[in-house]
file run_5.txt (compact mmCIF, C-alpha atoms)
# COMPACT_ATOMS: atom_id res chain seq x y z
CA MET A 76 11.41 19.55 -13.53
CA PRO A 77 12.46 17.21 -10.67
CA ARG A 78 11.31 19.90 -8.22
CA LEU A 79 7.95 20.05 -9.95
CA ILE A 80 7.58 16.27 -9.82
CA PHE A 81 8.56 16.28 -6.14
CA ALA A 82 6.01 19.00 -5.38
CA PHE A 83 3.33 17.06 -7.28
CA VAL A 84 4.05 13.77 -5.47
CA LEU A 85 4.16 15.54 -2.12
CA THR A 86 0.86 17.34 -2.71
CA LEU A 87 -0.75 14.11 -3.89
CA THR A 88 0.48 12.21 -0.83
CA LEU A 89 -0.64 14.90 1.57
CA SER A 90 -4.01 15.18 -0.13
CA MET A 91 -4.57 11.44 0.26
CA MET A 92 -3.53 11.55 3.92
CA ALA A 93 -5.70 14.57 4.57
CA ALA A 94 -8.61 12.80 2.89
CA LEU A 95 -8.12 9.85 5.20
CA VAL A 96 -7.78 11.92 8.32
CA GLY A 97 -10.40 14.39 7.19
CA GLN A 98 -12.93 11.60 7.67
CA ALA A 99 -12.31 11.78 11.37
CA GLN A 100 -12.01 15.55 11.59
CA GLU A 101 -15.19 17.50 11.84
CA THR A 102 -15.40 20.83 10.10
CA ALA A 103 -16.23 23.84 12.24
CA THR A 104 -19.61 25.38 11.58
CA PRO A 105 -21.24 28.34 13.39
CA ALA A 106 -22.52 27.12 16.78
CA PRO A 107 -26.33 26.79 16.74
CA ASP A 108 -28.42 28.22 19.54
CA ARG A 109 -28.69 25.61 22.30
CA SER A 110 -29.94 27.89 25.04
CA ALA A 111 -33.27 26.02 25.18
CA THR A 112 -31.52 22.83 26.28
CA GLY A 113 -29.04 24.56 28.54
CA GLY A 114 -26.16 23.81 26.15
CA ALA A 115 -27.02 20.14 25.63
CA GLN A 116 -27.75 18.81 22.18
CA THR A 117 -30.96 19.84 20.51
CA LEU A 118 -33.44 18.00 18.36
CA GLU A 119 -31.90 19.81 15.38
CA ASP A 120 -28.47 18.34 16.24
CA ILE A 121 -29.91 14.84 16.27
CA LEU A 122 -31.83 15.36 13.02
CA ALA A 123 -28.75 16.86 11.34
CA ARG A 124 -26.72 13.79 12.27
CA GLN A 125 -29.45 11.53 10.98
CA ARG A 126 -29.41 13.46 7.70
CA GLY A 127 -25.72 12.62 7.48
CA GLU A 128 -24.61 16.24 7.97
CA THR A 129 -21.45 17.11 9.82
CA VAL A 130 -22.18 18.33 13.34
CA ASP A 131 -19.44 19.93 15.40
CA SER A 132 -19.73 17.85 18.55
CA GLN A 133 -17.18 19.90 20.47
CA PHE A 134 -19.95 21.21 22.74
CA ARG A 135 -20.65 17.63 23.86
CA SER A 136 -17.22 16.04 23.70
CA SER A 137 -15.69 18.72 25.94
CA ALA A 138 -18.59 18.72 28.45
CA THR A 139 -17.14 15.94 30.56
CA GLY A 140 -17.07 17.65 33.96
CA ASN A 141 -14.15 19.00 35.91
CA PRO A 142 -12.76 16.84 38.71
CA ASP A 143 -10.45 19.67 39.73
CA ALA A 144 -13.46 21.83 40.60
CA ALA A 145 -15.27 19.01 42.37
CA ALA A 146 -17.26 19.77 45.47
CA ALA A 147 -15.70 18.54 48.69
CA ILE A 148 -16.65 14.99 49.59
CA THR A 149 -18.74 16.27 52.52
CA GLN A 150 -20.76 18.60 50.31
CA GLN A 151 -23.82 17.88 48.24
CA LEU A 152 -22.91 15.79 45.11
CA GLY A 153 -19.28 15.76 46.31
CA THR A 154 -19.19 11.99 45.93
CA LEU A 155 -19.45 12.37 42.16
CA GLY A 156 -15.92 13.80 42.00
CA GLY A 157 -16.84 16.74 39.76
CA GLN A 158 -18.40 14.56 37.08
CA SER A 159 -22.08 13.90 36.77
CA ASP A 160 -23.14 10.56 35.33
CA PRO A 161 -23.93 12.04 31.87
CA GLU A 162 -20.52 13.73 31.88
CA LEU A 163 -18.82 10.45 32.71
CA TRP A 164 -20.66 8.64 29.94
CA ARG A 165 -19.79 11.45 27.52
CA ALA A 166 -16.13 11.04 28.44
CA LEU A 167 -16.38 7.32 27.69
CA ARG A 168 -18.20 8.11 24.45
CA TYR A 169 -15.43 10.45 23.27
CA ASN A 170 -12.59 8.33 24.65
CA SER A 171 -11.36 11.03 27.02
CA ALA A 172 -12.23 9.30 30.31
CA ASP A 173 -9.41 8.54 32.71
CA LEU A 174 -9.83 4.82 32.23
CA ARG A 175 -7.64 2.08 33.59
CA VAL A 176 -7.87 -1.55 32.55
CA SER A 177 -6.21 -4.50 34.25
CA ALA A 178 -5.66 -6.45 31.02
CA GLY A 179 -5.50 -5.87 27.28
CA GLY A 180 -3.37 -2.73 27.29
CA PRO A 181 -4.28 0.58 25.62
CA VAL A 182 -6.52 -1.21 23.11
CA ALA A 183 -8.88 -2.40 25.85
CA GLY A 184 -9.00 1.12 27.29
CA VAL A 185 -10.94 2.37 24.28
CA LEU A 186 -14.59 1.57 24.94
CA VAL A 187 -16.19 3.61 22.15
CA GLN A 188 -14.19 4.24 18.99
CA ASP A 189 -16.23 6.20 16.50
CA GLY A 190 -13.31 6.44 14.04
CA GLY A 191 -14.40 2.95 13.03
CA MET A 192 -17.42 4.37 11.23
CA SER A 193 -15.28 6.75 9.16
CA TRP A 194 -12.98 3.86 8.30
CA LEU A 195 -15.86 1.63 7.30
CA THR A 196 -17.46 4.36 5.19
CA PHE A 197 -14.19 5.15 3.43
CA ARG A 198 -13.36 1.48 2.87
CA ALA A 199 -16.79 0.61 1.54
CA GLY A 200 -17.05 3.83 -0.48
CA PRO A 201 -14.20 5.79 -2.06
CA LEU A 202 -11.59 3.05 -1.55
CA ARG A 203 -13.53 0.43 -3.50
CA GLN A 204 -14.83 2.96 -6.00
CA TYR A 205 -11.63 4.83 -6.90
CA GLY A 206 -9.43 1.75 -6.47
CA GLY A 207 -11.64 -0.32 -8.74
CA TRP A 208 -11.84 2.40 -11.37
CA LEU A 209 -8.08 2.89 -11.24
CA LEU A 210 -7.47 -0.76 -12.15
CA LEU A 211 -10.23 -0.93 -14.76
CA GLY A 212 -9.13 2.43 -16.18
CA THR A 213 -5.54 1.23 -16.48
CA ILE A 214 -6.63 -1.92 -18.31
CA GLY A 215 -8.89 0.19 -20.57
CA LEU A 216 -6.12 2.66 -21.38
CA LEU A 217 -3.74 -0.18 -22.21
CA ALA A 218 -6.37 -1.75 -24.49
CA VAL A 219 -6.81 1.57 -26.30
CA PHE A 220 -3.03 1.97 -26.54
CA PHE A 221 -2.71 -1.53 -27.94
CA LEU A 222 -5.39 -0.84 -30.55
CA LEU A 223 -3.71 2.41 -31.59
CA ARG A 224 -0.04 1.43 -31.41
CA GLY A 225 -0.17 -2.32 -31.76
CA ARG A 226 2.67 -4.52 -30.66
CA ILE A 227 6.12 -2.92 -30.58
CA ARG A 228 7.97 -5.20 -32.96
CA ILE A 229 11.63 -5.86 -33.51
CA ASP A 230 12.77 -3.78 -36.49
CA GLY A 231 14.04 -6.06 -39.24
CA THR A 232 14.69 -9.70 -38.62
CA LYS A 233 16.08 -11.44 -35.58
CA THR A 234 19.79 -12.20 -35.74
CA GLY A 235 19.50 -15.66 -34.21
CA HIS A 236 22.33 -14.76 -31.80
CA THR A 237 21.27 -14.28 -28.22
CA VAL A 238 22.80 -12.59 -25.18
CA THR A 239 22.06 -13.39 -21.56
CA ARG A 240 19.90 -10.59 -20.21
CA PHE A 241 19.13 -11.98 -16.76
CA GLU A 242 20.84 -14.80 -14.88
CA PHE A 243 18.82 -17.62 -13.28
CA VAL A 244 18.98 -16.10 -9.79
CA GLU A 245 17.76 -12.72 -11.09
CA ARG A 246 14.83 -14.31 -12.89
CA MET A 247 13.97 -16.47 -9.88
CA ALA A 248 13.93 -13.41 -7.59
CA HIS A 249 11.81 -11.55 -10.14
CA TRP A 250 9.27 -14.37 -10.36
CA THR A 251 9.17 -14.77 -6.59
CA LEU A 252 8.36 -11.07 -6.33
CA ALA A 253 5.94 -11.17 -9.27
CA GLY A 254 4.13 -14.34 -8.20
CA SER A 255 3.78 -13.23 -4.60
CA PHE A 256 2.56 -9.77 -5.66
CA ILE A 257 -0.10 -11.23 -7.93
CA LEU A 258 -1.27 -13.57 -5.16
CA LEU A 259 -1.30 -10.69 -2.67
CA GLY A 260 -3.12 -8.45 -5.15
CA LEU A 261 -5.80 -11.02 -5.92
CA THR A 262 -6.37 -12.01 -2.29
CA GLY A 263 -6.38 -8.34 -1.29
CA LEU A 264 -9.01 -7.59 -3.93
CA LEU A 265 -11.07 -10.59 -2.77
CA THR A 266 -10.92 -9.27 0.78
CA LEU A 267 -11.96 -5.76 -0.25
CA PHE A 268 -14.55 -6.61 -2.90
CA GLY A 269 -15.81 -10.03 -1.76
CA ARG A 270 -18.83 -8.64 0.03
CA VAL A 271 -20.05 -6.67 -2.99
CA ALA A 272 -18.72 -8.70 -5.93
CA ILE A 273 -18.94 -12.33 -4.75
CA GLN A 274 -21.37 -12.65 -1.87
CA PRO A 275 -24.48 -11.40 -3.74
CA TYR A 276 -23.83 -13.80 -6.63
CA LEU A 277 -22.15 -16.89 -5.19
CA GLY A 278 -23.45 -16.68 -1.64
CA LYS A 279 -22.03 -16.15 1.81
CA ASP A 280 -20.51 -19.62 2.11
CA VAL A 281 -18.39 -19.22 -1.02
CA ASN A 282 -17.36 -15.71 0.00
CA SER A 283 -16.45 -16.91 3.47
CA LEU A 284 -14.37 -19.76 2.08
CA LEU A 285 -12.55 -17.39 -0.26
CA LEU A 286 -11.93 -14.91 2.56
CA ILE A 287 -10.54 -17.53 4.91
CA GLY A 288 -8.24 -18.77 2.14
CA SER A 289 -7.33 -15.22 1.14
CA LYS A 290 -6.41 -14.35 4.70
CA TRP A 291 -4.03 -17.29 4.98
CA VAL A 292 -2.46 -16.66 1.58
CA HIS A 293 -2.18 -12.90 2.14
CA ASN A 294 -0.58 -13.21 5.58
CA SER A 295 1.81 -16.02 4.63
CA VAL A 296 2.83 -15.06 1.09
CA SER A 297 3.62 -11.53 2.27
CA TRP A 298 6.93 -12.86 3.66
CA ALA A 299 7.98 -14.13 0.23
CA PHE A 300 7.13 -10.71 -1.22
CA MET A 301 9.19 -8.86 1.38
CA LEU A 302 12.15 -11.19 0.99
CA ALA A 303 12.07 -10.93 -2.80
CA LEU A 304 11.69 -7.16 -2.62
CA VAL A 305 14.90 -6.86 -0.60
CA THR A 306 16.69 -9.30 -2.94
CA VAL A 307 15.62 -7.47 -6.08
CA PHE A 308 16.62 -4.14 -4.56
CA VAL A 309 20.11 -5.39 -3.72
CA MET A 310 20.56 -7.04 -7.15
CA TRP A 311 19.42 -4.18 -9.36
CA VAL A 312 19.77 -0.91 -7.45
CA ALA A 313 23.16 -0.14 -9.04
CA HIS A 314 21.65 -0.44 -12.52
CA ASN A 315 18.74 1.82 -11.63
CA ILE A 316 20.58 4.97 -10.64
CA PRO A 317 19.37 7.69 -13.04
CA ASN A 318 21.86 8.74 -15.72
CA LYS A 319 22.04 11.09 -18.73
CA TRP A 320 20.64 8.44 -21.11
CA ASP A 321 17.36 8.55 -19.21
CA LEU A 322 16.82 12.12 -20.45
CA VAL A 323 17.32 10.98 -24.05
CA TRP A 324 14.90 8.09 -23.44
CA ILE A 325 12.28 10.43 -21.96
CA ARG A 326 12.73 12.97 -24.82
CA GLN A 327 12.02 10.21 -27.34
CA PHE A 328 9.14 8.78 -25.24
CA GLY A 329 11.17 5.61 -24.95
CA GLY A 330 10.44 4.73 -28.55
CA ILE A 331 6.97 3.69 -27.38
CA ILE A 332 5.51 6.59 -29.35
CA GLY A 333 7.29 6.97 -32.68
CA LYS A 334 9.83 4.77 -34.38
CA LYS A 335 13.06 5.78 -32.63
CA HIS A 336 15.08 3.42 -30.42
CA PRO A 337 16.73 5.54 -27.73
CA PRO A 338 20.02 4.16 -26.36
CA ALA A 339 19.91 2.63 -22.88
CA LYS A 340 22.07 0.71 -20.44
CA LYS A 341 20.76 -2.41 -18.68
CA PHE A 342 17.59 -0.57 -17.66
CA ASN A 343 15.99 2.35 -19.50
CA ALA A 344 14.18 5.25 -17.81
CA GLY A 345 10.81 3.51 -18.05
CA GLN A 346 12.15 0.40 -16.35
CA LYS A 347 13.76 2.57 -13.69
CA VAL A 348 10.37 4.14 -12.96
CA ILE A 349 8.95 0.62 -12.55
CA PHE A 350 11.89 -0.42 -10.35
CA TRP A 351 11.64 2.56 -8.00
CA SER A 352 7.84 2.31 -7.89
CA VAL A 353 8.11 -1.33 -6.87
CA ILE A 354 10.78 -0.59 -4.28
CA LEU A 355 9.21 2.51 -2.72
CA PHE A 356 5.55 1.53 -2.92
CA GLY A 357 6.45 -2.10 -2.12
CA ALA A 358 8.36 -0.97 0.98
CA SER A 359 5.45 1.24 2.05
CA ILE A 360 2.99 -1.61 1.55
CA SER A 361 5.33 -3.93 3.48
CA VAL A 362 5.66 -1.58 6.45
CA SER A 363 1.92 -0.93 6.69
CA GLY A 364 1.39 -4.68 6.14
CA LEU A 365 3.67 -5.55 9.04
CA SER A 366 1.72 -3.11 11.17
CA LEU A 367 -1.43 -5.04 10.22
CA LEU A 368 0.20 -8.46 10.67
CA PHE A 369 1.10 -7.63 14.26
CA PRO A 370 -1.97 -5.67 15.40
CA PHE A 371 -1.37 -2.72 17.74
CA GLU A 372 2.35 -3.50 18.07
CA MET A 373 3.67 -1.27 15.28
CA PRO A 374 1.67 1.98 15.27
CA LEU A 375 2.90 4.19 12.42
CA PHE A 376 0.66 7.14 11.83
CA ALA A 377 0.69 9.30 14.99
CA LYS A 378 4.48 9.53 14.80
CA THR A 379 4.48 10.11 11.03
CA PHE A 380 1.84 12.82 11.38
CA ALA A 381 3.87 14.49 14.15
CA ILE A 382 6.94 14.57 11.88
CA LEU A 383 4.89 15.93 8.97
CA ASN A 384 3.38 18.59 11.25
CA ASP A 385 6.83 19.57 12.53
CA LEU A 386 8.00 19.93 8.95
CA GLY A 387 4.95 22.10 8.30
CA LEU A 388 3.93 20.11 5.24
CA PRO A 389 0.16 19.82 5.89
CA GLN A 390 0.01 23.55 6.69
CA TRP A 391 2.03 24.30 3.54
CA ALA A 392 -0.49 22.32 1.47
CA GLY A 393 -3.35 24.28 3.06
CA TYR A 394 -4.56 21.66 5.54
CA ASP A 395 -4.91 21.70 9.32
CA PRO A 396 -2.15 19.92 11.26
CA LEU A 397 -2.69 16.16 11.23
CA PRO A 398 -3.84 14.50 14.49
CA THR A 399 -0.96 13.21 16.60
CA VAL A 400 -3.03 11.41 19.21
CA LEU A 401 -4.70 8.35 17.72
CA ALA A 402 -6.50 5.46 19.38
CA PRO A 403 -4.77 2.10 18.73
CA GLN A 404 -7.75 1.10 16.61
CA GLU A 405 -7.41 4.27 14.51
CA GLU A 406 -3.78 3.40 13.87
CA MET A 407 -4.91 0.05 12.46
CA GLN A 408 -7.65 1.65 10.38
CA LEU A 409 -5.24 4.15 8.84
CA ALA A 410 -2.69 1.39 8.22
CA GLN A 411 -5.33 -0.66 6.40
CA LEU A 412 -6.43 2.24 4.22
CA TRP A 413 -2.88 3.32 3.42
CA HIS A 414 -1.93 -0.30 2.67
CA ALA A 415 -4.81 -0.59 0.20
CA ILE A 416 -4.34 2.82 -1.46
CA VAL A 417 -0.63 2.28 -2.14
CA ALA A 418 -1.35 -1.30 -3.25
CA PHE A 419 -3.91 -0.03 -5.78
CA VAL A 420 -1.34 2.41 -7.21
CA LEU A 421 1.29 -0.33 -7.45
CA MET A 422 -1.19 -2.78 -8.99
CA ALA A 423 -1.99 -0.23 -11.71
CA ILE A 424 1.73 0.24 -12.42
CA ILE A 425 2.33 -3.51 -12.47
CA ILE A 426 -0.56 -4.10 -14.88
CA ALA A 427 1.21 -1.72 -17.28
CA HIS A 428 4.50 -3.55 -16.62
CA ILE A 429 2.92 -6.92 -17.37
CA TYR A 430 1.43 -5.51 -20.57
CA ILE A 431 4.72 -4.17 -21.93
CA GLY A 432 6.61 -7.29 -20.85
CA THR A 433 4.26 -9.66 -22.65
CA LEU A 434 1.72 -8.45 -25.18
CA GLY A 435 3.05 -4.94 -25.74
CA MET A 436 6.57 -5.69 -26.94
CA GLU A 437 7.93 -8.47 -29.11
CA GLY A 438 10.90 -10.23 -27.52
CA ALA A 439 10.52 -8.60 -24.09
CA TYR A 440 9.20 -11.72 -22.35
CA ASP A 441 12.32 -13.73 -23.30
CA ALA A 442 14.37 -11.56 -20.95
CA MET A 443 12.51 -13.00 -17.96
CA GLY A 444 11.45 -16.27 -19.59
CA SER A 445 14.61 -17.95 -20.78
CA GLY A 446 16.89 -15.05 -19.85
CA GLU A 447 18.24 -15.00 -23.42
CA VAL A 448 17.33 -12.13 -25.74
CA ASP A 449 18.00 -11.75 -29.44
CA GLU A 450 20.84 -9.35 -30.26
CA ALA A 451 18.53 -7.36 -32.54
CA TRP A 452 16.13 -6.79 -29.64
CA ALA A 453 18.98 -5.94 -27.29
CA HIS A 454 20.44 -3.51 -29.83
CA GLN A 455 17.13 -1.73 -30.30
CA HIS A 456 16.18 -1.44 -26.63
CA HIS A 457 19.43 -1.58 -24.64
CA SER A 458 22.19 -0.65 -27.10
CA ILE A 459 24.74 0.59 -24.55
CA TRP A 460 24.23 -2.47 -22.36
CA LEU A 461 24.66 -4.76 -25.40
CA GLU A 462 27.95 -3.05 -26.34
CA GLU A 463 29.16 -3.47 -22.75
CA VAL A 464 28.25 -7.17 -22.76
CA GLN A 465 29.88 -7.75 -26.14
CA GLN A 466 33.01 -5.83 -25.07
CA LYS A 467 33.26 -8.01 -21.97
CA GLU A 468 32.98 -11.13 -24.10
CA ARG A 469 35.69 -9.87 -26.45
CA ASP A 470 37.96 -9.06 -23.49
CA LYS A 471 37.32 -12.51 -22.07
CA LEU A 472 38.18 -14.18 -25.37
CA ALA A 473 41.27 -12.00 -25.81
CA SER A 474 42.54 -12.86 -22.34
CA SER A 475 41.99 -16.57 -22.99
CA GLY A 476 43.79 -16.29 -26.36
CA ALA A 477 40.92 -17.77 -28.37
CA THR A 478 39.71 -16.41 -31.72
CA PRO A 479 36.01 -15.49 -31.91
CA ALA A 480 34.08 -17.49 -34.50
CA GLU A 481 32.51 -14.90 -36.81
CA MET B 159 10.50 -21.13 -17.32
CA LYS B 160 12.56 -23.07 -14.78
CA ALA B 161 13.37 -19.84 -12.95
CA MET B 162 9.67 -18.97 -12.86
CA LEU B 163 8.69 -22.34 -11.43
CA ALA B 164 11.55 -22.16 -8.93
CA GLY B 165 10.32 -18.72 -7.86
CA PHE B 166 6.76 -19.97 -7.42
CA ALA B 167 7.98 -22.98 -5.46
CA LEU B 168 9.97 -20.65 -3.22
CA ILE B 169 6.80 -18.63 -2.54
CA ALA B 170 5.03 -21.80 -1.39
CA VAL B 171 7.95 -22.86 0.83
CA ILE B 172 8.27 -19.42 2.44
CA ALA B 173 4.49 -19.12 2.95
CA VAL B 174 4.16 -22.50 4.66
CA GLY B 175 7.38 -21.90 6.63
CA ALA B 176 6.25 -18.44 7.79
CA ASP B 177 2.87 -19.75 8.89
CA PHE B 178 4.47 -22.63 10.78
CA ALA B 179 7.17 -20.45 12.38
CA LEU B 180 4.78 -17.71 13.50
CA GLU B 181 2.34 -20.27 14.88
CA ARG B 182 5.18 -21.94 16.82
CA ALA B 183 6.46 -18.57 18.05
CA GLY B 184 3.03 -17.84 19.54
CA PHE B 185 1.97 -15.10 17.15
CA SER B 186 -1.54 -16.34 16.51
CA SER B 187 -4.34 -13.99 17.63
CA GLN B 188 -5.45 -16.65 20.08
CA ASP B 189 -2.04 -16.72 21.73
CA ARG B 190 -1.54 -12.94 21.67
CA ASN B 191 -4.97 -11.71 22.68
CA SER B 192 -6.50 -14.31 24.93
CA GLY B 193 -5.55 -16.07 28.11
CA ALA B 194 -6.40 -19.14 30.11
CA ASP B 195 -9.56 -17.43 31.35
CA VAL B 196 -10.97 -17.20 27.83
CA ARG B 197 -12.59 -20.29 26.43
CA LEU B 198 -12.30 -20.30 22.65
CA ASN B 199 -13.10 -23.92 21.82

call {"tool": "encode", "arguments": {"input": "run_5.txt", "output": "structure tokens"}}
result
Amino acid sequence: MPRLIFAFVLTLTLSMMAALVGQAQETATPAPDRSATGGAQTLEDILARQRGETVDSQFRSSATGNPDAAAAITQQLGTLGGQSDPELWRALRYNSADLRVSAGGPVAGVLVQDGGMSWLTFRAGPLRQYGGWLLLGTIGLLAVFFLLRGRIRIDGTKTGHTVTRFEFVERMAHWTLAGSFILLGLTGLLTLFGRVAIQPYLGKDVNSLLLIGSKWVHNSVSWAFMLALVTVFVMWVAHNIPNKWDLVWIRQFGGIIGKKHPPAKKFNAGQKVIFWSVILFGASISVSGLSLLFPFEMPLFAKTFAILNDLGLPQWAGYDPLPTVLAPQEEMQLAQLWHAIVAFVLMAIIIAHIYIGTLGMEGAYDAMGSGEVDEAWAHQHHSIWLEEVQQKERDKLASSGATPAE
Amino acid sequence: MKAMLAGFALIAVIAVGADFALERAGFSSQDRNSGADVRLN
């Protein structure tokens, strides 16, 4: 089973990456007859591009002259250095010219970067579309689930006795992470959807104002998110190591479906899935976010792709090797798309987490609200943890010589 | 509730602090990507 899950996650990840990169890769089609133009592009090539069809531009992008076979400087056309003017312009067009700039670094050396169009198309198309549907679909599914299952109530009556579920510092770290994530999610959505969801209705001025504010909030609040993410990881990682009780919890669907209350320690298997999703996806969002915060200084993808190619993973999943030479701008474009895709997945998970922590389960909010949960709730959802807490209290009382008031 | 408010207050403090610190450390786009030869104002 774990192997199956691993294979699924791996395939999903690679498919997403291939989809991103596939935008920039052009599929090979049989070469059309270009003898009439001497190998240059034909009217049909131009029309095909205008129709939005994929044209293999290898015949143009590689026709950039050959300085090594240049005529001697004393010969006819020798002064061109083996490259005609069209060949030089083609090299600039496909970013293969031997270009040197005196300022601005590698970024300034890219004069034409057509990957930008693929990025824009993907961002304005599938990213908004699938991302939006993912969030709406999650909310819809939760609404259906709520209508079918209703609120998960505490069986019987509350005992009136409470136990401390989370200390102040734990709750504060949780709310720092939660609050910052919600702010980042909302400002991220404003940035992605503002042009289509706000500008047509409220006007450019309002959209602009929201975007300027979103940019400041997103860039600045990200540091609180990263700090809280590390804090939460350190505080709770020991409690989130999988154990045998997780299998029992999964077998009984966590008591979410049905009436059983599977035993659990401090965190059950469902909460562990949330924890590891937050940590792993949160870390991935943070790294790609840092790459975006410091433009062109933290390129991630060319190196990652090289490692994946060396491992043979894209080939194993049936894809061509991923590109390992990327323009600085392409690195930023991929970082932005990856950042948004992983953020969408985490937002969907967190929406479900918010549902179960508030509306979906009676007594769950207290754990993060006041930190005190009723013993009946604790017994039904975290029975092993409750026994451990009560045992500790008994040991403490015994060592102090006091008699518990029962 | 207190923990929640404390967490939200911490977000505000870190956000303002990060913005101030990065600005002071010269990490604004203006500082990183332009020079004396570029007139921005």

call {"tool": "closest_residue", "arguments": {"input": "run_5.txt", "among": "A:Gln346, A:Asn294, A:Asn318, A:Thr154", "to": "chain B", "atoms": "all atoms listed in the file"}}
result
A:Asn294

call {"tool": "interface_residues", "arguments": {"input": "run_5.txt", "of": "chain A", "to": "chain B", "cutoff": "6 Å", "atoms": "all atoms listed in the file", "output": "list in words"}}
result
Phe243, Arg246, Met247, Trp250, Thr251, Ser295, Val296, Ala299 and Gly444 of chain A

call {"tool": "residues_around", "arguments": {"input": "run_5.txt", "residues": "A:Glu405", "least_positions_apart": "5", "cutoff": "9 Å", "atoms": "all atoms listed in the file", "output": "NGL selection string"}}
result
:A and (188 or 190-191 or 194 or 376 or 410)

call {"tool": "residues_around", "arguments": {"input": "run_5.txt", "residues": "A:Ser289", "least_positions_apart": "4", "cutoff": "7 Å", "atoms": "only C-alpha atoms", "output": "number ranges by chain"}}
result
A: 262, 266, 285, 293

call {"tool": "residues_around", "arguments": {"input": "run_5.txt", "residues": "A:Met192", "least_positions_apart": "5", "cutoff": "12 Å", "atoms": "only C-alpha atoms", "output": "count of residues only"}}
result
10

call {"tool": "atom_distance", "arguments": {"input": "run_5.txt", "atom1": "atom CA of A:Gln455", "atom2": "atom CA of A:Arg326"}}
result
16.3 Å

call {"tool": "residues_around", "arguments": {"input": "run_5.txt", "residues": "stretch 133-149 of chain A", "least_positions_apart": "4", "cutoff": "7 Å", "atoms": "only C-alpha atoms", "output": "list in words"}}
result
Gly153, Thr154, Gly156, Gly157, Gln158, Ser159, Glu162, Leu163, Arg165, Ala166 and Tyr169 of chain A

call {"tool": "residues_around", "arguments": {"input": "run_5.txt", "residues": "A:Asp230", "least_positions_apart": "4", "cutoff": "12 Å", "atoms": "all atoms listed in the file", "output": "list in words"}}
result
Arg226, Thr234, Gly330, Lys334, Lys335, His336, Met436, Glu437, Gly438, Asp449, Glu450, Ala451, Trp452, Ala453, His454, Gln455 and His456 of chain A

call {"tool": "write_last_selection", "arguments": {"input": "run_5.txt", "atoms": "C-alpha atoms", "output": "short mmCIF file (atom, residue, chain, number, x, y, z; two decimals), keeping the file's coordinate frame"}}
result
data_model
loop_
_atom_site.label_atom_id
_atom_site.label_comp_id
_atom_site.auth_asym_id
_atom_site.auth_seq_id
_atom_site.Cartn_x
_atom_site.Cartn_y
_atom_site.Cartn_z
CA ARG A 226 2.67 -4.52 -30.66
CA THR A 234 19.79 -12.20 -35.74
CA GLY A 330 10.44 4.73 -28.55
CA LYS A 334 9.83 4.77 -34.38
CA LYS A 335 13.06 5.78 -32.63
CA HIS A 336 15.08 3.42 -30.42
CA MET A 436 6.57 -5.69 -26.94
CA GLU A 437 7.93 -8.47 -29.11
CA GLY A 438 10.90 -10.23 -27.52
CA ASP A 449 18.00 -11.75 -29.44
CA GLU A 450 20.84 -9.35 -30.26
CA ALA A 451 18.53 -7.36 -32.54
CA TRP A 452 16.13 -6.79 -29.64
CA ALA A 453 18.98 -5.94 -27.29
CA HIS A 454 20.44 -3.51 -29.83
CA GLN A 455 17.13 -1.73 -30.30
CA HIS A 456 16.18 -1.44 -26.63
#

call {"tool": "atom_distance", "arguments": {"input": "run_5.txt", "atom1": "atom CA of B:Asp189", "atom2": "atom CA of A:Asp189"}}
result
27.5 Å

call {"tool": "atom_distance", "arguments": {"input": "run_5.txt", "atom1": "atom CA of A:Pro275", "atom2": "atom CA of A:Ala423"}}
result
26.3 Å

call {"tool": "closest_residue", "arguments": {"input": "run_5.txt", "among": "A:Leu118, A:Leu209, A:Leu186, A:Ala473", "to": "A:Phe419", "atoms": "all atoms listed in the file"}}
result
A:Leu209

call {"tool": "closest_residue", "arguments": {"input": "run_5.txt", "among": "A:Ala115, A:Val130, A:Ala392, A:Ala418", "to": "A:Val362", "atoms": "all atoms listed in the file"}}
result
A:Ala418

call {"tool": "axis_aligned_box", "arguments": {"input": "run_5.txt", "around": "stretch 392-403 of chain A", "padding_each_side": "5 Å", "output": "lines of an AutoDock Vina configuration file"}}
result
center_x = -3.5
center_y = 13.2
center_z = 10.4
size_x = 16.0
size_y = 32.2
size_z = 27.9

call {"tool": "closest_residue", "arguments": {"input": "run_5.txt", "among": "A:Ser283, A:Thr237, A:Thr379, A:Ser352", "to": "A:Val400", "atoms": "only C-alpha atoms"}}
result
A:Thr379

call {"tool": "decode", "arguments": {"input": "run_5.txt", "residues": "stretch 179-193 of chain B", "atoms": "C-alpha atoms", "output": "PDB file, in the first residue's frame"}}
result
ATOM      1  CA  ALA B 179      14.569  44.938   7.595  1.00  0.00           C
ATOM      2  CA  LEU B 180      14.626  43.981   3.913  1.00  0.00           C
ATOM      3  CA  GLU B 181      14.195  47.596   2.861  1.00  0.00           C
ATOM      4  CA  ARG B 182      17.095  48.609   5.137  1.00  0.00           C
ATOM      5  CA  ALA B 183      19.225  45.727   3.867  1.00  0.00           C
ATOM      6  CA  GLY B 184      18.796  47.001   0.300  1.00  0.00           C
ATOM      7  CA  PHE B 185      16.579  44.220  -1.005  1.00  0.00           C
ATOM      8  CA  SER B 186      14.052  46.405  -2.774  1.00  0.00           C
ATOM      9  CA  SER B 187      13.836  45.934  -6.552  1.00  0.00           C
ATOM     10  CA  GLN B 188      14.990  49.512  -6.962  1.00  0.00           C
ATOM     11  CA  ASP B 189      18.150  48.840  -4.980  1.00  0.00           C
ATOM     12  CA  ARG B 190      18.835  45.445  -6.553  1.00  0.00           C
ATOM     13  CA  ASN B 191      18.058  46.119 -10.186  1.00  0.00           C
ATOM     14  CA  SER B 192      18.835  49.738 -10.865  1.00  0.00           C
ATOM     15  CA  GLY B 193      21.790  52.025 -10.468  1.00  0.00           C
TER      16      GLY B 193
END
